[in-house]
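Let me begin by presenting the structure, written as structure tokens, before commenting on it.
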Amino acid sequence: MTVTALVSGGKDSIYSAYLADSQGWPVDELVTIVPAEPDAMMFHTPNLDMVALQARAWGKAHRTVPVQGTGEDPELVALREAITGDRGPVVVGAIQSSYQWARVLRAADGARRRVYAPLWRKEPGRVVREEIAAGLDIRLVHLAAEPLTPELLGRRLDGALVEEIERRSRSILPVNVAGEGGEFETLVVDAPFFSGRIEADRVERVITGSTARLRFIQAHLAVKPEKPRNGGSP
């Protein structure tokens, strides 16, 4: 039985795969669906090539499934292809998107696989704070909402920034604090369960109107400092 986690490199899919590991469903492989267009209907697209580094740091197998064409139908074909061939559960990071949820369920049902979605219908603010508390180093890599201005690009999503997003949501325009409405996308560059952290060698910032994107053109896994042993110096 193979446990497959659909992973984009963002906070929710990485955290869901981690929860599966922690809750009795050890993940065997990370699978990334690669759309043919940057504004795919179903899938996250920024920095998908960084998942290979995440998988290496995590000690997980990784494979990609390209979408052959544009629009919803080719994306659904790729989703079915990604989860066909085994009977283990499929782990997803969906929180509130009924559109995505319905299509994943349909594909999993066709493949006779169950769906494990540990974040489904949880309160978004609670989810983000849990992810931060778990030690994930989460970076904002795509902004697509008026309250989220370009200076936030590349910022680490920590408690203070969550509170800032909530404040802007109240005073400017509503924003889902988990980015579940596409307001922002993230990249996890480090986690306690990674053996190394992703360090960017070259990045590109693209700002168009109210949209800003941080593209990791080249990156590597950096060795993390060893934790002090019990009784040792901090």
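Note on naming: chains are A, B, ... as they come in the structure tokens, residues start from 1 per chain, ligands start from 1 in the order shown.
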
Write out, as a tab-separated table, each residue of segment 172-230 of chain A that has an atom at most 10 Å from segment 93-113 of chain A, together with the closest pair of atoms and their distance in Å to one decimal, counting only C-alpha atoms, rows going by chain and rising number.
```
residue	atom	partner	partner_atom	distance
A:Ala178	CA	A:Ile95	CA	8.6
A:Gly179	CA	A:Ile95	CA	9.9
A:Glu180	CA	A:Gln96	CA	6.7
A:Gly181	CA	A:Ser97	CA	7.8
```

Enumerate as a ChimeraX atom specification all residues of segment 10-214 of chain A assigned to strand (DSSP E) by DSSP on the backbone, naming them with the chain letters and numbers the document uses. /A:29-34,61-66,90-91,115-116,137-143,184-190,196-208,211-214

Using DSSP on the backbone coordinates, identify the residues of segment 94-233 of chain A assigned to alpha helix (DSSP H); present them as number ranges by chain. A: 98-110, 124-133, 159-171

What does the file look like for those residues with C-alpha atoms, as a PDB file, in the first residue's frame?
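Output file out04.pdb is given in full below:
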```pdb
ATOM      1  CA  SER A  98     -15.209  22.905  -2.432  1.00  0.00           C
ATOM      2  CA  TYR A  99     -14.216  23.081  -6.103  1.00  0.00           C
ATOM      3  CA  GLN A 100     -10.901  21.334  -5.473  1.00  0.00           C
ATOM      4  CA  TRP A 101     -12.345  18.979  -2.867  1.00  0.00           C
ATOM      5  CA  ALA A 102     -15.108  17.653  -5.127  1.00  0.00           C
ATOM      6  CA  ARG A 103     -12.700  16.914  -7.947  1.00  0.00           C
ATOM      7  CA  VAL A 104     -10.135  15.181  -5.754  1.00  0.00           C
ATOM      8  CA  LEU A 105     -12.877  13.017  -4.237  1.00  0.00           C
ATOM      9  CA  ARG A 106     -14.179  12.074  -7.674  1.00  0.00           C
ATOM     10  CA  ALA A 107     -10.703  11.136  -8.920  1.00  0.00           C
ATOM     11  CA  ALA A 108      -9.911   9.167  -5.750  1.00  0.00           C
ATOM     12  CA  ASP A 109     -13.226   7.343  -5.931  1.00  0.00           C
ATOM     13  CA  GLY A 110     -12.455   6.332  -9.505  1.00  0.00           C
ATOM     14  CA  PRO A 124      -8.044  29.185   8.494  1.00  0.00           C
ATOM     15  CA  GLY A 125      -6.410  31.243  11.248  1.00  0.00           C
ATOM     16  CA  ARG A 126      -6.077  28.140  13.393  1.00  0.00           C
ATOM     17  CA  VAL A 127      -4.497  26.190  10.510  1.00  0.00           C
ATOM     18  CA  VAL A 128      -1.878  28.845   9.804  1.00  0.00           C
ATOM     19  CA  ARG A 129      -0.947  29.187  13.457  1.00  0.00           C
ATOM     20  CA  GLU A 130      -0.619  25.408  13.787  1.00  0.00           C
ATOM     21  CA  GLU A 131       1.696  25.344  10.770  1.00  0.00           C
ATOM     22  CA  ILE A 132       3.852  28.070  12.280  1.00  0.00           C
ATOM     23  CA  ALA A 133       3.881  26.320  15.681  1.00  0.00           C
ATOM     24  CA  GLY A 159       2.629  35.160  14.078  1.00  0.00           C
ATOM     25  CA  ALA A 160       3.245  38.885  13.598  1.00  0.00           C
ATOM     26  CA  LEU A 161       2.606  38.687   9.856  1.00  0.00           C
ATOM     27  CA  VAL A 162      -0.582  36.656  10.396  1.00  0.00           C
ATOM     28  CA  GLU A 163      -1.840  39.411  12.685  1.00  0.00           C
ATOM     29  CA  GLU A 164      -0.874  42.027  10.087  1.00  0.00           C
ATOM     30  CA  ILE A 165      -2.810  40.189   7.365  1.00  0.00           C
ATOM     31  CA  GLU A 166      -5.811  39.950   9.673  1.00  0.00           C
ATOM     32  CA  ARG A 167      -5.586  43.675  10.408  1.00  0.00           C
ATOM     33  CA  ARG A 168      -5.410  44.552   6.718  1.00  0.00           C
ATOM     34  CA  SER A 169      -8.314  42.208   6.056  1.00  0.00           C
ATOM     35  CA  ARG A 170     -10.451  44.143   8.527  1.00  0.00           C
ATOM     36  CA  SER A 171      -9.410  47.635   7.435  1.00  0.00           C
TER      37      SER A 171
END
```

Nearest-residue call for Ser195 of chain A, choices A:Gly209, A:Pro35, A:Pro225, A:Gly154, using only C-alpha atoms: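 Counting only C-alpha atoms, the residue closest to Ser195 of chain A is A:Pro225.
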
Have a look at A:Thr45, A:Ser8, A:Gln54, A:Ser13 and name the one nearest to Leu119 of chain A; count only C-alpha atoms.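 So, comparing all the options, the nearest one is A:Ser13.
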
Name all residues at most 9 Å from Leu48 of chain A (count only C-alpha atoms; drop same-chain ones fewer than 6 positions away) and give them as a ChimeraX atom specification. /A:7-9,32-34

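Of the residues listed (A:Leu173, A:Met1, A:Ile217, A:Met42), A:Met42 shows the shortest atom-to-atom separation from Leu76 of chain A; distances use only C-alpha atoms.
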
Near-segment 89-92 of chain A list (6 Å; only C-alpha atoms; drop same-chain fewer than 2 positions) as a short mmCIF file (atom, residue, chain, number, x, y, z; two decimals) with N, CA and C atoms, in the first residue's frame:
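result.cif, freshly written:
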```
data_model
loop_
_atom_site.label_atom_id
_atom_site.label_comp_id
_atom_site.auth_asym_id
_atom_site.auth_seq_id
_atom_site.Cartn_x
_atom_site.Cartn_y
_atom_site.Cartn_z
N VAL A 3 1.12 5.35 0.29
CA VAL A 3 0.46 6.59 0.71
C VAL A 3 1.05 7.72 -0.13
N THR A 4 0.20 8.36 -0.90
CA THR A 4 0.60 9.41 -1.83
C THR A 4 0.14 10.76 -1.30
N ALA A 5 1.05 11.73 -1.23
CA ALA A 5 0.67 13.09 -0.84
C ALA A 5 0.80 13.99 -2.05
N LEU A 6 -0.30 14.67 -2.40
CA LEU A 6 -0.26 15.66 -3.46
C LEU A 6 0.35 16.93 -2.87
N ALA A 94 -6.24 20.49 1.21
CA ALA A 94 -7.41 21.37 1.05
C ALA A 94 -7.94 21.81 2.40
N ARG A 113 -9.37 4.86 -4.03
CA ARG A 113 -8.48 5.28 -2.95
C ARG A 113 -9.23 6.25 -2.04
N ARG A 114 -8.95 6.19 -0.76
CA ARG A 114 -9.57 7.12 0.17
C ARG A 114 -8.77 8.42 0.19
N VAL A 115 -9.40 9.49 0.62
CA VAL A 115 -8.74 10.79 0.73
C VAL A 115 -8.54 11.13 2.19
N TYR A 116 -7.32 11.53 2.52
CA TYR A 116 -7.00 11.95 3.87
C TYR A 116 -6.70 13.44 3.82
N ALA A 117 -7.59 14.24 4.40
CA ALA A 117 -7.48 15.70 4.34
C ALA A 117 -7.55 16.24 5.77
#
```

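The gap separating atom CA of Gly135 of chain A from atom CA of Arg156 of chain A is 11.7 Å, in Å to one decimal.
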
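Between Gly69 of chain A and the residues A:Leu157, A:Asn176, A:Arg205, A:Glu37, the shortest atom-to-atom distance, using only C-alpha atoms, involves A:Glu37.
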
Please determine, counting only C-alpha atoms, which residue among A:Thr2, A:Gln218, A:Thr211, A:Thr84 has the shortest atom-to-atom distance to Leu30 of chain A.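 For Leu30 of chain A, the nearest of the given residues is A:Thr2.
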
Which value, in Å to one decimal, gives the distance between atom CA of Asp73 of chain A and atom CA of Asp39 of chain A? 14.6 Å

May I ask for the distance between atom CA of Pro150 of chain A and atom CA of Glu183 of chain A, given in Å to one decimal place?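 Separation of atom CA of Pro150 of chain A and atom CA of Glu183 of chain A: 12.6 Å.
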